[in-house]
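Participant: A single structure is presented below for examination.
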Amino acid sequence: MIAIALITLLIFLVLGVPVCFAIGLSGLLAIMFGSEIPAFMAVQQAIRGMNSFSLMAGPLFILAGEIMGAANLSTRILDFCRACVAQIRGGMGMVSVLANMIFAGISGSGAATMSAISTLTVPELNKEGYDRGFIASMIAGSGALAPIIPPSTNMIVYASLTGFSVGRLFIGGLMPGILIGFCLMVMCYWYATKYNVDQGSGRFSLGSVWRAFLKSFFALITPVIILAGVVTGFFTATESSIVACVYALICGFFIYRTLKLKDMLGVFKRASSSSAMLMMIMGISNIYSYIFARENVTPMVEKFLLSITHNPAVLVFIIIVMMLIIGCFMETLAATAVVLPTVYPIVMHLGVDPLLFGVLFSISTVVGALTPPVGLYLFLSMNIAGATFRQAISYTVPVVLIILTVMLLMWFFPPIVTFVPNLLMGA
């Protein structure tokens with residue numbers, strides 16, 4: 001079954017079949033022609049892959065982000081960010097990054113975050129003189145923070161596949177996400193200084209920050225409500241996604257009164273489209289998990305990897321590099337669903353911290369979304385910024401290097417990941 005599955009998957013990918021369908025069709029063919037298992041098992045495994053309580057949080061956080069976007073709360077978040085950093089050299093670029101970081105704490109989806117924030121900032125970035133390629137790279141890089149800063153769809157998928165605490169993963173991704181965001185803001189300052197653009201506008205005023213904070217208060221505290229509820233145990237991560245949706249509706253309809261009933265059709269349509277993609281990938285990828293389990297792939301992979309090294313650090317490095325390569329050719333969530341069930345038992349057997357590995361693994365899948373030929377975030381940002389591939393890729397390379405550098409820091413200094421979760425939720 002394994003040979004049929006992998007060969008047909010490669011053929012489908014070369015032919016340009018969408019990844020999700022390529023995985024499903026190759027898995028079905030492997031079951032039909034490589035075993036005596038009834039073909040309906042493929043359907044059964046696909047349904048089982050979607051039948052997860054923790055996985056419900058993904059679509060609901062996406063819905064919360066769409067509600068916030070439709071209610072124009074992204075505009076209030078941008079106004080607050082302008083009041084904080086627009087006066088600095090490269091300030092408008094920093095505003096874009098900071099606003100994406102805050103909105104990432106609401107939606108958990110990179111595509112939703114980029115659509116809500118970056119479409120509003122691109123005209124201002126153009127006006128300040130930024131190159132379209134640089135704008136595209138900043139949009140892609142700051143949009144990629146959504147799967148790192150909680151609530152993260154990638155971490156929800158990780159937790160649903162491994163059974164690890166999604167709450168600890170959320171908190172573990174907080175400091176790395178902030179660190180990457182800070183580095184991107186430094187990159188904006190460097191670019192503005194080198195090319196003499198975006199001198200900064202006006203003077204910093206605590207009064208302006210305070211007024212902008214009050215106007216956007218209810219939008220800004222959304223991530224705080226989500227994290228506080230999970231950390232205190234008041235509700236689970238899945239329940240927090242429901243709270244986020246209800247709170248977003250209250251903000252849109254009753255507090256700011258910027259959301260209308262007629263807007264909800266578009267909200268549900270966009271959220272359903274993104275959620276359907278997530279659930280379809282998780283369901284169909286479970287066919288491969290079933291095939292790997294039937295063929296005892298995990299012991300074979302473990303034997304192969306341990307023949308190379310017994311050093312946990314080297315083994316994790318090999319797995320992360322493998323995910324970086326796979327992410328260039330396969331959608332990130334699909335790659336996670338196919339690879340993670342095989343490698344997770346191996347790293348746990350060697351005593352690797354599951355929290356550290358989980359955050360590293362989740363970030364490694366993000367890099368794939370920034371690199372061609374798949375590069376979902378890269379190509380979406382190019383479309384938003386109106387940049388060509390050649391313009392965008394030259395500035396995207398430093399963004400990828402920033403993320404990889406932070407990953408190295410995480411491995412050599414684990415408290416970047418573990419300190420806050422251990423402090424708030426116990427060791």
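Here, A, B, ... name the chains of the structure tokens in the order displayed, residue numbers run from 1 inside each chain, and ligands are numbered from 1 in the same displayed order.
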Go through region 204-228 of chain A and flag each residue having an atom no more than 10 Å from region 135-152 of chain A; for those, report the closest pair of atoms plus their distance in Å to one decimal, using only C-alpha atoms, ordered by chain and rising number, as a tab-separated table.

Facilitator:
residue	atom	partner	partner_atom	distance
A:Pro223	CA	A:Pro150	CA	7.9
A:Ile226	CA	A:Pro151	CA	7.9
A:Leu227	CA	A:Pro150	CA	7.8

Participant: Considering only C-alpha atoms, state which residue in the set A:Phe103, A:Phe12, A:Phe379, A:Phe182 is at the smallest distance from Ala392 (chain A).

Facilitator: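 Counting only C-alpha atoms, the residue closest to Ala392 (chain A) is A:Phe379.
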
Participant: Using only C-alpha atoms, what does the table of region 271-386 of chain A residues within 7 Å of region 38-59 of chain A look like, with each row giving the shortest atom pair and its distance in Å to one decimal, sorted by chain and ascending number, as CSV?

Facilitator:
residue,atom,partner,partner_atom,distance
A:Ser275,CA,A:Pro59,CA,4.8
A:Met279,CA,A:Met50,CA,5.9
A:Met282,CA,A:Gly49,CA,5.8
A:Gly283,CA,A:Ala46,CA,4.1
A:Ile284,CA,A:Ala46,CA,4.8
A:Asn286,CA,A:Gly49,CA,5.2
A:Ile287,CA,A:Gln45,CA,5.5

Participant: Please, which residues in region 343-402 of chain A fall within 12 Å of region 314-325 of chain A when counting only C-alpha atoms, and what is the closest atom pair and distance in Å to one decimal for each, ordered by chain then residue number, as JSON lines?

Facilitator:
{"residue": "A:Val343", "atom": "CA", "partner": "A:Ile319", "partner_atom": "CA", "distance": 7.7}
{"residue": "A:Tyr344", "atom": "CA", "partner": "A:Ile319", "partner_atom": "CA", "distance": 9.9}
{"residue": "A:Ile346", "atom": "CA", "partner": "A:Leu315", "partner_atom": "CA", "distance": 9.2}
{"residue": "A:Val347", "atom": "CA", "partner": "A:Val316", "partner_atom": "CA", "distance": 7.2}
{"residue": "A:Met348", "atom": "CA", "partner": "A:Val316", "partner_atom": "CA", "distance": 10.6}
{"residue": "A:His349", "atom": "CA", "partner": "A:Leu315", "partner_atom": "CA", "distance": 11.5}
{"residue": "A:Leu350", "atom": "CA", "partner": "A:Leu315", "partner_atom": "CA", "distance": 9.2}
{"residue": "A:Gly351", "atom": "CA", "partner": "A:Val316", "partner_atom": "CA", "distance": 11.2}
{"residue": "A:Val352", "atom": "CA", "partner": "A:Val316", "partner_atom": "CA", "distance": 8.4}
{"residue": "A:Asp353", "atom": "CA", "partner": "A:Val316", "partner_atom": "CA", "distance": 10.8}
{"residue": "A:Pro354", "atom": "CA", "partner": "A:Val316", "partner_atom": "CA", "distance": 11.3}
{"residue": "A:Leu356", "atom": "CA", "partner": "A:Val316", "partner_atom": "CA", "distance": 10.4}
{"residue": "A:Phe357", "atom": "CA", "partner": "A:Val316", "partner_atom": "CA", "distance": 7.7}
{"residue": "A:Gly358", "atom": "CA", "partner": "A:Ile320", "partner_atom": "CA", "distance": 10.9}
{"residue": "A:Val359", "atom": "CA", "partner": "A:Ile320", "partner_atom": "CA", "distance": 11.1}
{"residue": "A:Leu360", "atom": "CA", "partner": "A:Ile320", "partner_atom": "CA", "distance": 7.7}
{"residue": "A:Phe361", "atom": "CA", "partner": "A:Ile320", "partner_atom": "CA", "distance": 6.5}
{"residue": "A:Ser362", "atom": "CA", "partner": "A:Met323", "partner_atom": "CA", "distance": 9.7}
{"residue": "A:Ile363", "atom": "CA", "partner": "A:Ile320", "partner_atom": "CA", "distance": 9.4}
{"residue": "A:Ser364", "atom": "CA", "partner": "A:Leu324", "partner_atom": "CA", "distance": 5.9}
{"residue": "A:Thr365", "atom": "CA", "partner": "A:Met323", "partner_atom": "CA", "distance": 6.5}
{"residue": "A:Val366", "atom": "CA", "partner": "A:Leu324", "partner_atom": "CA", "distance": 8.7}
{"residue": "A:Val367", "atom": "CA", "partner": "A:Leu324", "partner_atom": "CA", "distance": 6.6}
{"residue": "A:Gly368", "atom": "CA", "partner": "A:Leu324", "partner_atom": "CA", "distance": 5.9}
{"residue": "A:Ala369", "atom": "CA", "partner": "A:Leu324", "partner_atom": "CA", "distance": 9.7}
{"residue": "A:Leu370", "atom": "CA", "partner": "A:Leu324", "partner_atom": "CA", "distance": 10.4}
{"residue": "A:Thr371", "atom": "CA", "partner": "A:Leu324", "partner_atom": "CA", "distance": 9.3}
{"residue": "A:Pro372", "atom": "CA", "partner": "A:Ile325", "partner_atom": "CA", "distance": 10.5}
{"residue": "A:Pro373", "atom": "CA", "partner": "A:Ile325", "partner_atom": "CA", "distance": 11.0}
{"residue": "A:Val374", "atom": "CA", "partner": "A:Ile325", "partner_atom": "CA", "distance": 11.3}
{"residue": "A:Gly375", "atom": "CA", "partner": "A:Leu324", "partner_atom": "CA", "distance": 11.7}
{"residue": "A:Val400", "atom": "CA", "partner": "A:Leu324", "partner_atom": "CA", "distance": 10.8}

Participant: Write out as a PyMOL selection string all residues of region 205-425 of chain A that DSSP puts in alpha helix (DSSP H) for this structure's backbone.

Facilitator: chain A and resi 206-220+222-232+237-250+263-294+297-308+312-327+332-349+354-368+376-385+389-412+415-425

Participant: Please list as a list in words every residue within 8 Å of Cys81 (chain A), counting only C-alpha atoms and excluding residues in the same chain fewer than 6 positions away.

Facilitator: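 With the cut-off at 8 Å, the set is Val95, Leu98 and Ala99 of chain A.
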
Participant: Record the distance separating CA of Val19 (chain A) and CA of Met330 (chain A), expressed in Å with one decimal.

Facilitator: 6.5 Å

Participant: Show which residues sit within 10 Å of Gly426 (chain A), as a ChimeraX atom specification. Count only C-alpha atoms, and ignore same-chain residues fewer than 6 positions away.

Facilitator: /A:168,419-420

Participant: Write out, as a tab-separated table (two decimals), in the first residue's frame, the residues just selected, with N, CA and C atoms.

Facilitator:
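Generated output (again_17.tsv):
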chain	number	residue	atom	x	y	z
A	168	ARG	N	-1.40	24.79	26.42
A	168	ARG	CA	0.04	24.97	26.61
A	168	ARG	C	0.72	25.35	25.31
A	419	PHE	N	8.91	28.93	29.38
A	419	PHE	CA	8.84	29.71	30.62
A	419	PHE	C	7.42	30.18	30.93
A	420	VAL	N	6.77	30.83	29.96
A	420	VAL	CA	5.44	31.39	30.22
A	420	VAL	C	4.40	30.29	30.49

Participant: Could you check the closest approach to Ala64 (chain A) for each of A:Arg270, A:Arg211, A:Lys262, A:Arg132 and tell me which residue wins, using only C-alpha atoms?

Facilitator: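 Once distances to Ala64 (chain A) are computed over only C-alpha atoms, the minimum belongs to A:Arg270.
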
Participant: What is the distance between CA of Glu239 (chain A) and CA of Leu355 (chain A), in Å to one decimal?

Facilitator: 21.3 Å
